[in-house]
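Enquirer: A single structure is presented below for examination.
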Amino acid sequence: ASTFFLAPSIANAASATFTVSGPSQGVVGNQLTLTVTVSSSTSLGGWELALQYDKSYLQLSSAPEGANGTHVAGNATSSGTKSKSYTYKFKVLKSGTTTISPTSTDAYGWDETPLSPSNVSKKVTLKTQAEIEASYSSNAYLKSITVGEYPLTPEFNKETKEHEVEVENDVETVTISALKEDANASISGTGDKTLIEGNNKFEIVCTAQKGNSITYVVNVTRKELNP
C-alpha cells in the first residue's frame with residue numbers, strides 16, 4: 001500500500017502597516033502636521049503605536065486625544081475597521097532634515113490573531129522662510145506672446161519689451177495669450193481685449209517667484225475705417 005505524506009502548508013502571517021504621512025517640507029517657527037495611519041488588508045481588532053522624532057528639530061504641540069506623549073492605543077468597534085489615523089502637530093525648531101518614524105507598533109486582527117507590523121517613516125526638510133525664499137526663481141521672462149492669428153512686429157523675442165500688431169477695421173476684439181519661461185512665475189494682462197480704432201496699448205506683466213517682474217507692451221493698431 002502506498003502512503004502519502006502531506007507537507008504542512010505555511011501561511012504568511014497577516015500584517016499591519018504603520019505609515020507616517022504629511023508635507024515633505026516645514027518652515028522654522030511654523031506648525032508641521034503629520035498623520036500616522038495603521039492599516040491592514042484584514043479587519044483590525046486593536047493596535048498601538050508611538051512616534052520617534054528628534055526633539056532638537058521638532059517640539060510636540062498637539063497629540064491625539066488620550067495619547068500619552070506620542071503613544072496611543074485603540075480598539076476597533078466593528079469588524080469592518082481596516083484603518084485608523086491619528087494626527088500630531090509639531091512646532092519646527094530649526095533648519096535641517098529629520099525623520100519621523102512609527103515605533104512601539106503592535107496590532108491584532110478582529111479575530112485576535114497577531115498581525116505582523118511594518119513601519120513606514122517620513123523624511124522632512126526643515127527651512128527658515130529666508131532659506132526658502134533664497135531658492136525662489138527670479139526668471140520673469142515670457143516664452144511667447146500671441147495675439148490671435150496676427151503676426152507680431154518684430155517677431156517675439158523675450159528681450160524685446162514692445163511689439164506691434166496691425167488688424168483690419170472690422171476686427172473689434174483680439175485674444176492675447178502668453179507663455180512663461182518659468183513654471184513658478186505668474187502672468188497678468190492676457191485675455192480677450194476690445195479694440196478701438198487706432199492704437200490700443202496692452203501690458204502683459206510676468207512676475208517671477210521672487211517677486212521681480214517684466215512688463216511687455218503690445219500695441220494693437222486697428223485700422224481706421226476712413227483714414
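We label chains A, B, ... in the order they appear in the C-alpha cells, count residues from 1 in each chain, and number ligands from 1 in the order shown.
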What lies within 10 Å of Leu93 (chain A) using only C-alpha atoms, ignoring chain neighbours under 2 positions off, as a PyMOL selection string?

Expert: chain A and resi 26-31+55-59+90-91+95-96+126-128

Enquirer: For those residues, write N, CA and C atoms to a file as an mmCIF file, in the first residue's frame.

Expert:
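Final output, selection.cif:
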```cif
data_model
loop_
_atom_site.group_PDB
_atom_site.id
_atom_site.type_symbol
_atom_site.label_atom_id
_atom_site.label_comp_id
_atom_site.auth_asym_id
_atom_site.auth_seq_id
_atom_site.Cartn_x
_atom_site.Cartn_y
_atom_site.Cartn_z
ATOM 1 N N GLY A 26 8.975 71.711 6.028
ATOM 2 C CA GLY A 26 8.416 72.506 7.108
ATOM 3 C C GLY A 26 9.171 73.813 7.240
ATOM 4 N N VAL A 27 8.520 74.817 7.830
ATOM 5 C CA VAL A 27 9.119 76.141 7.989
ATOM 6 C C VAL A 27 9.413 76.390 9.463
ATOM 7 N N VAL A 28 10.627 76.812 9.753
ATOM 8 C CA VAL A 28 11.033 77.079 11.138
ATOM 9 C C VAL A 28 10.091 78.114 11.760
ATOM 10 N N GLY A 29 9.584 77.786 12.948
ATOM 11 C CA GLY A 29 8.659 78.671 13.652
ATOM 12 C C GLY A 29 7.205 78.356 13.361
ATOM 13 N N ASN A 30 6.951 77.598 12.314
ATOM 14 C CA ASN A 30 5.579 77.253 11.945
ATOM 15 C C ASN A 30 5.208 75.866 12.450
ATOM 16 N N GLN A 31 3.967 75.509 12.209
ATOM 17 C CA GLN A 31 3.454 74.215 12.640
ATOM 18 C C GLN A 31 3.592 73.183 11.519
ATOM 19 N N LYS A 55 13.892 65.660 19.019
ATOM 20 C CA LYS A 55 13.347 66.804 19.753
ATOM 21 C C LYS A 55 14.162 68.079 19.575
ATOM 22 N N SER A 56 15.328 67.976 18.950
ATOM 23 C CA SER A 56 16.083 69.201 18.670
ATOM 24 C C SER A 56 15.523 69.907 17.426
ATOM 25 N N TYR A 57 14.771 69.152 16.608
ATOM 26 C CA TYR A 57 14.155 69.731 15.404
ATOM 27 C C TYR A 57 12.672 70.033 15.584
ATOM 28 N N LEU A 58 11.996 69.185 16.328
ATOM 29 C CA LEU A 58 10.545 69.291 16.442
ATOM 30 C C LEU A 58 10.098 69.273 17.897
ATOM 31 N N GLN A 59 9.085 70.075 18.180
ATOM 32 C CA GLN A 59 8.506 70.110 19.529
ATOM 33 C C GLN A 59 7.032 69.727 19.404
ATOM 34 N N PHE A 90 3.452 69.481 15.356
ATOM 35 C CA PHE A 90 4.749 69.830 15.924
ATOM 36 C C PHE A 90 5.096 71.271 15.577
ATOM 37 N N LYS A 91 5.876 71.911 16.453
ATOM 38 C CA LYS A 91 6.464 73.201 16.118
ATOM 39 C C LYS A 91 7.860 72.946 15.580
ATOM 40 N N SER A 95 16.465 74.533 11.232
ATOM 41 C CA SER A 95 16.668 74.008 9.886
ATOM 42 C C SER A 95 17.372 72.656 9.927
ATOM 43 N N GLY A 96 17.131 71.867 8.890
ATOM 44 C CA GLY A 96 17.793 70.578 8.766
ATOM 45 C C GLY A 96 16.856 69.555 8.162
ATOM 46 N N LEU A 126 13.484 70.819 6.799
ATOM 47 C CA LEU A 126 13.052 71.999 7.550
ATOM 48 C C LEU A 126 13.914 73.193 7.155
ATOM 49 N N LYS A 127 13.265 74.322 6.843
ATOM 50 C CA LYS A 127 13.997 75.516 6.415
ATOM 51 C C LYS A 127 13.388 76.762 7.035
ATOM 52 N N THR A 128 14.200 77.806 7.171
ATOM 53 C CA THR A 128 13.665 79.110 7.569
ATOM 54 C C THR A 128 12.985 79.718 6.347
#
```

Enquirer: Can you tell me, as a list in words, what residues are no more than 12 Å from Ile176 (chain A) when counting only C-alpha atoms, ignoring any on the same chain fewer than 6 positions away?

Expert: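 Contacts, with the query itself left out: Ser144, Ile145, Thr146, Val147, Gly148, Glu149, Tyr150, Pro151, Leu152, Val165, Ile187, Ser188, Gly189, Thr190, Gly191, Asp192, Lys193, Thr194, Leu195, Lys201, Phe202, Glu203, Ile204, Tyr216, Val217, Val218, Asn219 and Val220 of chain A.
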
Enquirer: So which one's closest to Gln129 (chain A), A:Leu225, A:Leu51, A:Leu142, A:Val92? Using only C-alpha atoms, please.

Expert: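 Under the stated criterion, the closest residue is A:Val92.
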
Enquirer: What lies within 10 Å of Ser21 (chain A) using only C-alpha atoms, ignoring chain neighbours under 5 positions off, as an MDAnalysis selection string?

Expert: chainID A and resid 33:37 87 100 120:123

Enquirer: Counting only C-alpha atoms, which of A:Lys143, A:Arg222, A:Lys180, A:Lys82 gets nearest to Val167 (chain A)?

Expert: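 Result for the nearest residue to Val167 (chain A): A:Arg222.
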
Enquirer: Need the shell around region 110-116 of chain A: protein/DNA/RNA residues with any atom at most 10 Å away, counting only C-alpha atoms. Skip same-chain ones fewer than 6 positions apart. Format as a list in words?

Expert: Asn12, Ala13, Ala14, Ser15, Ala16, Thr17, Ser40, Thr42, Ser43, Leu44, Gly45, Gly46, Trp47, Asn75, Ala76, Thr77, Ser78, Ser79, Gly80, Thr81 and Lys82 of chain A

Enquirer: As an mmCIF file with C-alpha atoms, in the first residue's frame, please: the residues near Gly211 (chain A) (cut-off 12 Å, only C-alpha atoms, same-chain neighbours under 3 positions excluded).

Expert:
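What follows is the written file part17.cif:
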```
data_model
loop_
_atom_site.group_PDB
_atom_site.id
_atom_site.type_symbol
_atom_site.label_atom_id
_atom_site.label_comp_id
_atom_site.auth_asym_id
_atom_site.auth_seq_id
_atom_site.Cartn_x
_atom_site.Cartn_y
_atom_site.Cartn_z
ATOM 1 C CA GLU A 133 12.831 82.482 -0.443
ATOM 2 C CA ALA A 134 16.532 82.351 -1.335
ATOM 3 C CA TYR A 136 12.931 81.210 -5.397
ATOM 4 C CA SER A 137 13.390 81.744 -9.134
ATOM 5 C CA SER A 138 13.904 85.285 -10.428
ATOM 6 C CA ASN A 139 13.055 84.331 -14.020
ATOM 7 C CA ALA A 140 10.330 86.735 -15.177
ATOM 8 C CA ASN A 184 6.640 79.309 -10.869
ATOM 9 C CA ALA A 185 6.068 82.719 -12.459
ATOM 10 C CA SER A 186 2.641 84.323 -12.922
ATOM 11 C CA ILE A 187 1.170 86.301 -15.820
ATOM 12 C CA VAL A 205 3.253 91.530 -16.821
ATOM 13 C CA CYS A 206 5.231 88.419 -15.914
ATOM 14 C CA THR A 207 6.080 88.220 -12.199
ATOM 15 C CA ALA A 208 8.795 85.844 -11.033
ATOM 16 C CA ILE A 214 8.983 92.279 -16.537
#
```
